[in-house]
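Below is start_38.cif, which holds mmCIF, C-alpha atoms and all ligand atoms.
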data_model
loop_
_atom_site.label_atom_id
_atom_site.label_comp_id
_atom_site.auth_asym_id
_atom_site.auth_seq_id
_atom_site.Cartn_x
_atom_site.Cartn_y
_atom_site.Cartn_z
CA MET A 1 4.64 4.56 -29.80
CA PRO A 2 3.39 7.21 -27.33
CA THR A 3 4.57 10.67 -28.32
CA GLY A 4 3.23 13.01 -25.58
CA LEU A 5 4.07 13.22 -21.90
CA ILE A 6 4.16 9.80 -20.22
CA SER A 7 3.06 9.47 -16.61
CA LEU A 8 4.79 6.83 -14.51
CA ALA A 9 3.77 8.82 -11.45
CA ILE A 10 0.42 7.39 -10.35
CA GLY A 11 -0.29 4.10 -8.59
CA ASP A 12 -3.50 3.27 -10.41
CA PRO A 13 -3.89 -0.10 -12.21
CA ASP A 14 -4.50 0.44 -15.93
CA MET A 15 -6.77 -2.61 -16.29
CA PRO A 16 -10.56 -2.32 -15.94
CA THR A 17 -12.34 -3.59 -12.82
CA PRO A 18 -13.35 -7.26 -13.42
CA GLY A 19 -16.75 -7.64 -15.13
CA HIS A 20 -18.45 -9.63 -12.34
CA ILE A 21 -17.81 -6.76 -9.89
CA VAL A 22 -19.21 -4.18 -12.31
CA GLU A 23 -22.28 -6.38 -12.85
CA ALA A 24 -22.78 -6.73 -9.09
CA LEU A 25 -22.84 -2.94 -8.83
CA GLU A 26 -25.55 -2.70 -11.51
CA VAL A 27 -27.63 -5.36 -9.77
CA ALA A 28 -27.20 -3.61 -6.40
CA ILE A 29 -28.38 -0.27 -7.76
CA ARG A 30 -31.40 -1.86 -9.46
CA SER A 31 -32.18 -3.75 -6.24
CA GLY A 32 -32.47 -0.53 -4.27
CA TYR A 33 -29.05 -0.18 -2.63
CA THR A 34 -29.37 3.53 -3.23
CA HIS A 35 -29.88 4.81 0.33
CA TYR A 36 -27.71 5.44 3.39
CA ALA A 37 -25.86 2.27 4.38
CA ASP A 38 -25.14 1.06 7.93
CA ARG A 39 -22.40 3.19 9.41
CA PRO A 40 -19.61 0.72 10.24
CA GLY A 41 -20.25 -0.96 6.90
CA ASP A 42 -22.76 -3.21 5.13
CA PRO A 43 -23.42 -6.00 7.68
CA GLU A 44 -23.09 -8.78 5.08
CA LEU A 45 -19.80 -7.33 3.85
CA ARG A 46 -18.44 -7.01 7.40
CA SER A 47 -19.38 -10.65 8.10
CA ALA A 48 -17.83 -11.79 4.82
CA LEU A 49 -14.64 -9.86 5.61
CA ALA A 50 -14.46 -11.39 9.10
CA GLU A 51 -14.88 -14.85 7.55
CA HIS A 52 -12.36 -14.09 4.81
CA LEU A 53 -9.71 -12.92 7.29
CA SER A 54 -10.36 -15.87 9.62
CA ALA A 55 -10.03 -18.39 6.80
CA ARG A 56 -7.04 -16.74 5.16
CA PHE A 57 -4.95 -16.20 8.27
CA GLY A 58 -6.19 -18.92 10.62
CA ARG A 59 -7.34 -16.34 13.19
CA HIS A 60 -10.75 -15.93 14.75
CA VAL A 61 -11.86 -12.54 13.45
CA VAL A 62 -15.36 -11.40 14.45
CA PHE A 63 -17.79 -8.89 12.97
CA ASP A 64 -17.07 -6.13 15.56
CA GLU A 65 -13.39 -6.26 14.69
CA VAL A 66 -13.98 -5.15 11.09
CA LEU A 67 -14.67 -1.62 9.86
CA VAL A 68 -15.39 -0.85 6.20
CA THR A 69 -13.79 2.43 5.13
CA GLN A 70 -13.67 5.00 2.33
CA GLY A 71 -10.59 3.41 0.71
CA SER A 72 -7.72 2.41 2.94
CA SER A 73 -6.77 6.11 3.08
CA ALA A 74 -9.74 6.60 5.42
CA GLY A 75 -8.92 3.32 7.21
CA LEU A 76 -5.42 4.60 7.94
CA ALA A 77 -6.68 8.03 8.97
CA SER A 78 -9.51 6.83 11.19
CA THR A 79 -7.44 4.21 13.05
CA MET A 80 -4.48 6.55 13.52
CA LEU A 81 -6.66 9.45 14.66
CA ALA A 82 -8.52 7.09 17.01
CA SER A 83 -5.32 5.64 18.51
CA LEU A 84 -3.01 8.65 18.76
CA ASN A 85 -2.99 11.62 21.12
CA PRO A 86 -1.18 14.90 20.59
CA GLY A 87 2.46 14.45 21.50
CA ASP A 88 2.54 10.67 20.83
CA ARG A 89 5.45 9.44 18.75
CA VAL A 90 4.92 7.26 15.69
CA LEU A 91 7.77 5.18 14.33
CA ILE A 92 7.89 5.20 10.54
CA PRO A 93 10.45 3.04 8.73
CA GLU A 94 11.06 4.92 5.48
CA PRO A 95 11.07 5.42 2.52
CA THR A 96 7.38 4.55 2.75
CA TYR A 97 3.90 5.76 1.78
CA SER A 98 3.75 9.44 2.69
CA LEU A 99 0.24 9.46 4.13
CA TYR A 100 1.34 7.88 7.45
CA ALA A 101 3.46 10.85 8.50
CA ASP A 102 0.81 13.29 7.23
CA ILE A 103 -1.90 11.65 9.34
CA ALA A 104 0.37 11.41 12.39
CA ARG A 105 1.00 15.16 12.17
CA PHE A 106 -2.71 15.82 11.64
CA ALA A 107 -3.34 13.94 14.93
CA GLY A 108 -0.78 16.18 16.66
CA ALA A 109 1.61 13.24 16.95
CA GLU A 110 5.26 13.28 15.94
CA PRO A 111 6.56 11.06 13.14
CA VAL A 112 9.88 9.43 14.05
CA PHE A 113 11.56 8.40 10.81
CA VAL A 114 13.98 5.49 10.81
CA GLY A 115 15.88 4.43 7.71
CA GLN A 116 15.85 0.87 6.41
CA THR A 117 18.64 -1.55 5.52
CA SER A 118 20.54 -1.16 2.25
CA ASN A 119 18.00 -3.41 0.49
CA PHE A 120 15.06 -1.50 1.99
CA HIS A 121 14.16 -4.08 4.63
CA LEU A 122 13.36 -3.31 8.29
CA ASP A 123 16.24 -2.06 10.40
CA LEU A 124 15.13 -3.87 13.55
CA ASP A 125 17.94 -2.47 15.71
CA GLN A 126 16.82 1.06 14.99
CA ILE A 127 13.19 0.13 15.52
CA GLU A 128 14.01 -1.44 18.89
CA ALA A 129 16.11 1.58 19.87
CA HIS A 130 13.07 3.86 19.45
CA ALA A 131 10.31 1.48 20.52
CA SER A 132 10.22 2.41 24.20
CA ASP A 133 8.98 5.94 23.53
CA CYS A 134 6.80 5.30 20.46
CA LYS A 135 3.13 4.39 20.66
CA MET A 136 2.85 2.94 17.17
CA VAL A 137 4.97 1.71 14.28
CA VAL A 138 3.57 1.86 10.74
CA ILE A 139 4.75 -0.65 8.16
CA CYS A 140 3.87 -1.02 4.51
CA THR A 141 4.44 -4.49 3.04
CA PRO A 142 4.85 -4.95 0.11
CA CYS A 143 6.28 -1.46 0.40
CA ASN A 144 5.26 1.55 -1.68
CA PRO A 145 7.70 2.95 -2.97
CA THR A 146 10.59 0.47 -2.60
CA GLY A 147 8.90 -2.79 -3.58
CA ALA A 148 10.38 -4.57 -0.52
CA VAL A 149 8.35 -7.47 0.88
CA TYR A 150 9.21 -7.97 4.54
CA THR A 151 10.04 -11.57 5.41
CA ARG A 152 8.27 -13.66 8.01
CA ASP A 153 11.41 -13.51 10.16
CA GLU A 154 11.44 -9.72 10.04
CA LEU A 155 7.80 -9.63 11.10
CA LEU A 156 8.41 -12.19 13.88
CA ASN A 157 11.22 -9.99 15.21
CA LEU A 158 9.05 -6.90 14.88
CA GLY A 159 6.31 -8.77 16.77
CA ALA A 160 8.74 -9.54 19.60
CA ILE A 161 9.69 -5.84 19.82
CA CYS A 162 6.04 -4.71 19.82
CA ALA A 163 5.12 -7.24 22.50
CA LYS A 164 8.12 -6.21 24.66
CA PHE A 165 7.29 -2.49 24.50
CA GLY A 166 3.49 -2.64 24.09
CA MET A 167 3.81 -0.75 20.79
CA LEU A 168 0.90 -0.90 18.31
CA VAL A 169 1.74 -1.90 14.75
CA LEU A 170 -0.29 -0.60 11.85
CA SER A 171 0.29 -2.86 8.86
CA ASP A 172 -0.78 -1.52 5.47
CA GLU A 173 -0.87 -4.48 3.08
CA ALA A 174 -2.51 -2.84 0.06
CA TYR A 175 -0.24 -4.71 -2.42
CA ASP A 176 -0.31 -8.15 -0.77
CA GLN A 177 -1.39 -9.91 -3.99
CA ILE A 178 1.37 -8.38 -6.12
CA VAL A 179 4.64 -10.22 -5.46
CA PHE A 180 7.31 -11.42 -7.89
CA ASP A 181 9.59 -14.38 -8.58
CA GLY A 182 7.67 -16.61 -6.17
CA THR A 183 8.50 -14.37 -3.18
CA GLU A 184 6.53 -15.54 -0.16
CA PHE A 185 4.23 -12.82 1.14
CA ALA A 186 3.98 -12.87 4.94
CA SER A 187 1.21 -10.86 6.57
CA ALA A 188 1.42 -9.25 9.99
CA MET A 189 -1.88 -11.12 10.56
CA GLU A 190 0.11 -14.37 10.69
CA ILE A 191 2.39 -13.26 13.54
CA PRO A 192 1.09 -14.47 16.92
CA ALA A 193 3.05 -11.87 18.91
CA LEU A 194 1.21 -9.14 17.00
CA GLN A 195 -2.24 -10.52 17.79
CA GLU A 196 -3.05 -7.93 20.46
CA HIS A 197 -1.09 -5.07 18.95
CA LEU A 198 -2.17 -5.11 15.32
CA VAL A 199 -4.17 -2.71 13.22
CA TYR A 200 -4.50 -4.31 9.77
CA CYS A 201 -5.39 -2.05 6.85
CA GLN A 202 -6.55 -3.31 3.47
CA THR A 203 -8.14 -1.97 0.30
CA PHE A 204 -10.01 -3.17 -2.79
CA SER A 205 -8.18 -0.52 -4.82
CA LYS A 206 -5.05 -2.29 -6.04
CA THR A 207 -5.96 -5.99 -6.11
CA TYR A 208 -9.25 -5.51 -7.94
CA ALA A 209 -8.36 -2.39 -9.94
CA MET A 210 -11.02 -0.52 -7.95
CA THR A 211 -9.18 2.70 -7.07
CA GLY A 212 -12.12 4.88 -8.12
CA TRP A 213 -14.68 2.90 -6.13
CA ARG A 214 -13.17 4.06 -2.82
CA LEU A 215 -13.46 1.02 -0.57
CA GLY A 216 -11.13 -0.44 2.02
CA TYR A 217 -11.36 -2.02 5.45
CA VAL A 218 -9.64 -2.30 8.78
CA HIS A 219 -9.29 -5.14 11.24
CA ALA A 220 -8.27 -4.42 14.83
CA ASP A 221 -9.34 -4.96 18.39
CA ALA A 222 -13.09 -4.14 18.74
CA ARG A 223 -12.34 -1.08 20.91
CA ILE A 224 -10.05 0.41 18.27
CA VAL A 225 -12.62 -0.40 15.58
CA ALA A 226 -15.38 1.33 17.60
CA ALA A 227 -13.24 4.44 18.12
CA ALA A 228 -12.14 4.43 14.46
CA ASN A 229 -15.79 4.13 13.43
CA THR A 230 -16.58 7.34 15.34
CA VAL A 231 -13.78 9.17 13.51
CA HIS A 232 -14.74 7.64 10.17
CA GLN A 233 -18.43 8.62 10.54
CA THR A 234 -17.46 12.15 11.43
CA PHE A 235 -15.38 12.65 8.31
CA ASN A 236 -17.06 10.35 5.80
CA GLY A 237 -20.66 9.67 6.89
CA SER A 238 -21.92 6.38 5.51
CA LEU A 239 -20.30 4.59 2.60
CA ASN A 240 -21.75 4.06 -0.87
CA ALA A 241 -24.29 1.25 -0.36
CA ALA A 242 -24.11 -0.29 -3.83
CA VAL A 243 -20.31 -0.23 -3.96
CA GLN A 244 -20.25 -2.29 -0.80
CA ARG A 245 -22.45 -4.94 -2.47
CA ALA A 246 -20.04 -4.99 -5.40
CA ALA A 247 -17.16 -5.46 -2.96
CA LEU A 248 -18.96 -8.52 -1.64
CA ALA A 249 -18.86 -9.90 -5.19
CA ALA A 250 -15.13 -9.09 -5.40
CA LEU A 251 -14.45 -10.95 -2.17
CA THR A 252 -16.53 -14.03 -2.92
CA GLY A 253 -16.28 -14.17 -6.74
CA PRO A 254 -13.81 -15.91 -9.10
CA MET A 255 -10.15 -15.51 -8.16
CA ASP A 256 -8.51 -16.34 -11.54
CA TRP A 257 -8.19 -12.56 -11.92
CA LEU A 258 -5.33 -12.67 -9.39
CA SER A 259 -3.10 -14.83 -11.57
CA THR A 260 -3.78 -12.48 -14.50
CA ILE A 261 -2.66 -9.38 -12.60
CA ARG A 262 0.37 -11.18 -11.14
CA ARG A 263 1.50 -12.26 -14.60
CA THR A 264 0.97 -8.75 -15.98
CA TYR A 265 2.89 -6.97 -13.23
CA GLN A 266 5.65 -9.60 -13.23
CA ARG A 267 6.19 -8.99 -16.97
CA ARG A 268 6.31 -5.23 -16.47
CA ARG A 269 8.55 -5.49 -13.45
CA ASP A 270 10.95 -7.62 -15.55
CA LEU A 271 10.90 -4.91 -18.24
CA VAL A 272 11.84 -2.33 -15.60
CA VAL A 273 14.64 -4.45 -14.18
CA SER A 274 16.15 -5.25 -17.57
CA ALA A 275 15.99 -1.59 -18.64
CA LEU A 276 17.43 -0.08 -15.47
CA ARG A 277 19.46 -2.57 -13.51
CA ASP A 278 22.66 -2.12 -15.48
CA ALA A 279 22.03 1.43 -16.68
CA PRO A 280 25.20 3.48 -16.09
CA GLY A 281 24.82 5.86 -13.15
CA LEU A 282 21.58 4.30 -11.91
CA ASN A 283 20.89 1.73 -9.24
CA LEU A 284 17.88 -0.43 -8.64
CA HIS A 285 16.94 -3.14 -6.15
CA PRO A 286 14.57 -5.31 -8.17
CA PRO A 287 11.17 -4.83 -6.53
CA GLU A 288 9.92 -7.96 -4.72
CA GLY A 289 6.32 -6.76 -4.87
CA THR A 290 3.98 -3.77 -5.66
CA PHE A 291 3.96 -2.03 -9.05
CA TYR A 292 6.67 0.47 -8.15
CA ALA A 293 10.42 0.65 -8.59
CA PHE A 294 12.65 2.96 -6.58
CA VAL A 295 15.49 4.13 -8.78
CA GLY A 296 18.60 5.74 -7.32
CA ASN A 297 21.53 7.51 -8.97
CA ASP A 298 25.22 7.59 -8.13
CA LYS A 299 25.93 10.95 -9.74
CA GLY A 300 24.90 13.02 -6.76
CA LEU A 301 21.62 14.20 -8.29
CA SER A 302 18.93 15.08 -5.74
CA ALA A 303 15.51 13.47 -5.97
CA SER A 304 14.01 16.67 -7.27
CA GLU A 305 16.77 17.16 -9.87
CA MET A 306 16.16 13.61 -11.06
CA ALA A 307 12.41 14.17 -11.31
CA HIS A 308 12.90 17.45 -13.20
CA ARG A 309 15.36 15.94 -15.67
CA VAL A 310 13.02 13.05 -16.30
CA GLN A 311 10.12 15.47 -16.80
CA ASP A 312 12.20 17.47 -19.28
CA HIS A 313 12.48 14.19 -21.24
CA GLY A 314 8.69 13.75 -21.22
CA VAL A 315 8.12 11.43 -18.25
CA LEU A 316 6.44 12.14 -14.92
CA VAL A 317 7.79 10.32 -11.84
CA ARG A 318 7.71 11.02 -8.08
CA PRO A 319 10.77 12.39 -6.29
CA GLY A 320 11.91 9.90 -3.63
CA THR A 321 11.83 12.51 -0.86
CA GLU A 322 8.02 12.41 -0.96
CA PHE A 323 8.42 9.07 0.79
CA GLY A 324 10.73 10.21 3.58
CA PRO A 325 14.20 11.70 4.01
CA SER A 326 15.95 8.48 2.91
CA GLY A 327 14.36 8.91 -0.50
CA GLU A 328 16.90 11.61 -1.36
CA GLY A 329 18.68 10.66 -4.59
CA PHE A 330 15.82 8.42 -5.78
CA VAL A 331 12.69 8.62 -7.91
CA ARG A 332 9.71 6.27 -7.82
CA ILE A 333 8.30 4.93 -11.04
CA SER A 334 5.00 3.16 -11.30
CA PHE A 335 4.59 0.29 -13.76
CA SER A 336 0.80 0.18 -13.63
CA VAL A 337 0.71 1.29 -17.29
CA ALA A 338 0.56 -0.60 -20.60
CA ASP A 339 3.81 -2.30 -21.67
CA GLU A 340 4.43 -0.07 -24.70
CA ILE A 341 4.03 3.09 -22.62
CA LEU A 342 6.31 1.67 -19.96
CA VAL A 343 9.03 0.71 -22.45
CA GLN A 344 8.98 4.17 -23.99
CA GLY A 345 8.96 5.82 -20.56
CA LEU A 346 11.93 3.72 -19.40
CA GLU A 347 13.93 4.64 -22.49
CA ARG A 348 13.32 8.34 -21.91
CA LEU A 349 14.15 7.97 -18.23
CA ARG A 350 17.46 6.31 -19.06
CA ASN A 351 18.29 9.04 -21.53
CA ALA A 352 17.44 11.67 -18.92
CA LEU A 353 19.49 10.20 -16.12
CA GLU A 354 22.52 8.89 -17.97
CA LEU A 355 23.53 12.45 -18.90
CA GLY A 356 25.50 13.10 -15.73
CA PRO A 357 25.23 16.22 -13.54
CA THR A 358 24.97 19.57 -15.29
C1 LIG B 401 0.57 1.72 0.53
C2 LIG B 401 -0.74 2.35 0.22
N1 LIG B 401 -1.68 2.35 1.16
C3 LIG B 401 -2.88 2.93 0.94
C4 LIG B 401 -3.17 3.55 -0.25
C5 LIG B 401 -4.50 4.21 -0.42
O1 LIG B 401 -5.33 3.46 -1.20
P1 LIG B 401 -6.91 3.64 -1.25
O2 LIG B 401 -7.27 4.81 -0.41
O3 LIG B 401 -7.25 3.80 -2.67
O4 LIG B 401 -7.45 2.38 -0.65
C6 LIG B 401 -2.21 3.57 -1.27
C7 LIG B 401 -2.48 4.25 -2.55
O5 LIG B 401 -1.64 4.48 -3.37
C8 LIG B 401 -0.95 2.96 -1.01
O6 LIG B 401 0.02 2.96 -1.93
#

Any chance you could put this one into structure tokens?
Amino acid sequence: MPTGLISLAIGDPDMPTPGHIVEALEVAIRSGYTHYADRPGDPELRSALAEHLSARFGRHVVFDEVLVTQGSSAGLASTMLASLNPGDRVLIPEPTYSLYADIARFAGAEPVFVGQTSNFHLDLDQIEAHASDCKMVVICTPCNPTGAVYTRDELLNLGAICAKFGMLVLSDEAYDQIVFDGTEFASAMEIPALQEHLVYCQTFSKTYAMTGWRLGYVHADARIVAAANTVHQTFNGSLNAAVQRAALAALTGPMDWLSTIRRTYQRRRDLVVSALRDAPGLNLHPPEGTFYAFVGNDKGLSASEMAHRVQDHGVLVRPGTEFGPSGEGFVRISFSVADEILVQGLERLRNALELGPT
């Protein structure tokens, strides 16, 4: 049993990167991929990504519509900075990943937060009410921190709103391979009405346990990709050449790894749900995807009080307000840790939060 401080705060898979990807990196380094790489990305990787997206989503994606980035963090930053002007408004359904609002502000744009439905799905009425004066809406599906997976119908309706108002949609689908209970994952890439309005952001970090390798990619209209490339070059220069060759191996190599991670996260997600769903004073919508659970309380504790109490019991979690104003009264836990650590962390968390307000 773990005895020290337990961190359920970080979204980093605990499993090692699959062996064939590591081997591809070694081969790439020995083969001389040790110099500056092409700026928008390794040409073979860009082609493979265009082919992969075309085959997966039944769309015709071409080379110039793909930009390889320094993790999806840089994909998000470079596309948002390339698309937004100071004073633009960016619609952000929240709670959601905090980087979107940070980047919007960095671009001089204004984040416009809208809450979600009671089960953390898109509130399309609110989105439509703000769409006419927003340039972009940013969605995260499956959603960090809530675990919601937006349905195809929600995305179809969002597509109709974006088409009506000419609003861009940035869809961050970092956790697309991690869904539970047979939930169907629908990508914004599959929505015809979004074809002209979509910036699609993806990463190797979560699916392939490659957070430390720092590689992601973006697909959008070639003009957005060209502008994003200018921003990306300015901040990041060229990407690690050998890592891009390893990413090629991830993309084209064996896929049995995916069923392994799905089984692992499903088991851990079930541990979380059974520990917390009926815990007195706590509430939880079972996550439909990701490796996060968003845990609320009905005792009137603030997000920061919850996080502090939990820390006093030896567990680190994130206060829900990091993810937007609607995260008040919640904490986010990450279940990307070994089962025994998770079980111990959940027990401490229950003990911390079942005490009632001081
Ligand atoms: C929703 C989401 N998008 C993007 C990222 C950034 O990932 P990376 O920069 O490692 O690709 C994260 C990381 O936690 C995330 O949760």

Compare A:Val243, A:Leu76, A:Met189, A:Ile92 by their minimum atom-to-atom distance to Leu156 of chain A, counting only C-alpha atoms, and give me the closest one. A:Met189

Nearest to Thr117 of chain A: which of A:Tyr33, A:His285, A:Gln344, A:Pro254 is it, counting only C-alpha atoms?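 The answer is A:His285, which sits nearest to Thr117 of chain A.
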
List as a PyMOL selection string the protein and nucleic acid residues lying within 7 Å of ligand LIG 401 (chain B), with all atoms listed in the file counted. chain A and resi 11+70-74+97+140+143-144+172-174+203-205+211+214-216

With a distance cut-off of 8 Å and only C-alpha atoms, select the neighbouring residues of Leu81 of chain A, excluding the residue or stretch itself and same-chain residues fewer than 6 positions from it, and output the selection as a ChimeraX atom specification. /A:103-104,107,228,231

Please report the interatomic distance between atom CA of Ser171 of chain A and atom CA of Pro43 of chain A in Å with one decimal.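 Computing it gives 23.9 Å between the two atoms.
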
Figure out the distance between atom CA of Gln311 of chain A and atom CA of Ile10 of chain A, please, to one decimal in Å. 14.2 Å

From (-21.6, -0.3, -3.0), in the file's coordinates, out to 9 Å: which residues are reached, counting only C-alpha atoms? Answer as a PyMOL selection string. chain A and resi 24-25+28-29+33-34+37+42+213+215+239-248

Kindly indicate which residue among A:Ser54, A:Arg152, A:Ser302, A:Arg105 lies nearest to Ser326 of chain A, using all atoms listed in the file for the distances.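 Closest residue, counting all atoms listed in the file: A:Ser302.
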
For each of A:Gly182, A:Gly159, A:Gly237, A:Gly281, take the minimum atom-to-atom distance to Leu198 of chain A, counting all atoms listed in the file, then give the residue where this is smallest.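 Nearest candidate to Leu198 of chain A out of A:Gly182, A:Gly159, A:Gly237, A:Gly281: A:Gly159.
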
Contact residues around Val218 of chain A with all atoms listed in the file at 9 Å, ignoring same-chain residues under 4 positions, as a list of chain:residue names: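 Here the qualifying residues turn out to be A:Glu65, A:Val66, A:Leu67, A:Val68, A:Thr69, A:Ser72, A:Gly75, A:Leu76, A:Thr79, A:Val199, A:Tyr200, A:Cys201, A:Gln202, A:Thr203, A:Val225.
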
Any idea what the distance is between atom CA of Leu284 of chain A and atom CA of Phe113 of chain A? 22.3 Å

Enumerate, as JSON, numbers by chain, the protein, DNA and RNA residues whose atoms approach (5.3, 2.0, 21.4) to within 12 Å, taking into account all atoms listed in the file and the coordinate frame of the file. {"A": [83, 84, 88, 89, 90, 91, 92, 112, 127, 128, 129, 130, 131, 132, 133, 134, 135, 136, 137, 138, 158, 159, 161, 162, 163, 164, 165, 166, 167, 168, 169, 170, 197, 198]}

Using all atoms listed in the file for the distances, tell me which of A:Ile333, A:Ala250, A:Met15, A:Leu5 is nearest to Pro145 of chain A.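 Among the listed residues, A:Ile333 lies closest to Pro145 of chain A.
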
Pick out the residues sitting within 10 Å of Trp257 of chain A, and hand them over as a PyMOL selection string; count all atoms listed in the file, and ignore anything fewer than 3 positions along from it in its own chain. chain A and resi 17-18+207-208+253-254+260-262

Residue selection dump (C-alpha atoms) as an mmCIF file, in the frame of the given file:
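Ended up saving to again_2.cif:
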data_model
loop_
_atom_site.group_PDB
_atom_site.id
_atom_site.type_symbol
_atom_site.label_atom_id
_atom_site.label_comp_id
_atom_site.auth_asym_id
_atom_site.auth_seq_id
_atom_site.Cartn_x
_atom_site.Cartn_y
_atom_site.Cartn_z
ATOM 1 C CA THR A 17 -12.340 -3.590 -12.820
ATOM 2 C CA PRO A 18 -13.350 -7.260 -13.420
ATOM 3 C CA THR A 207 -5.960 -5.990 -6.110
ATOM 4 C CA TYR A 208 -9.250 -5.510 -7.940
ATOM 5 C CA GLY A 253 -16.280 -14.170 -6.740
ATOM 6 C CA PRO A 254 -13.810 -15.910 -9.100
ATOM 7 C CA THR A 260 -3.780 -12.480 -14.500
ATOM 8 C CA ILE A 261 -2.660 -9.380 -12.600
ATOM 9 C CA ARG A 262 0.370 -11.180 -11.140
#

All residues 12 Å or closer to Tyr292 of chain A, only C-alpha atoms, same chain fewer than 3 positions away omitted, as an MDAnalysis selection string: chainID A and resid 8:13 96:97 142:148 175 178:180 265:266 268:270 272:273 284:289 295 317:318 320 331:337 342

Best match for closeness to Lys206 of chain A among A:Val149, A:Ser187, A:Gly58, A:Phe291, counting only C-alpha atoms: A:Phe291

Return the padded bounding box of segment 225-231 of chain A as lines of an AutoDock Vina configuration file: axis-aligned, built from all atoms listed in the file, 4 Å added on each side, with centre and edge lengths in Å to one decimal.
center_x = -14.4
center_y = 4.4
center_z = 15.8
size_x = 12.4
size_y = 17.6
size_z = 12.7

Gly327 of chain A surroundings by all atoms listed in the file, 8 Å radius, close-in-sequence under 6 positions cut, as a ChimeraX atom specification: /A:94-95,303,319-321
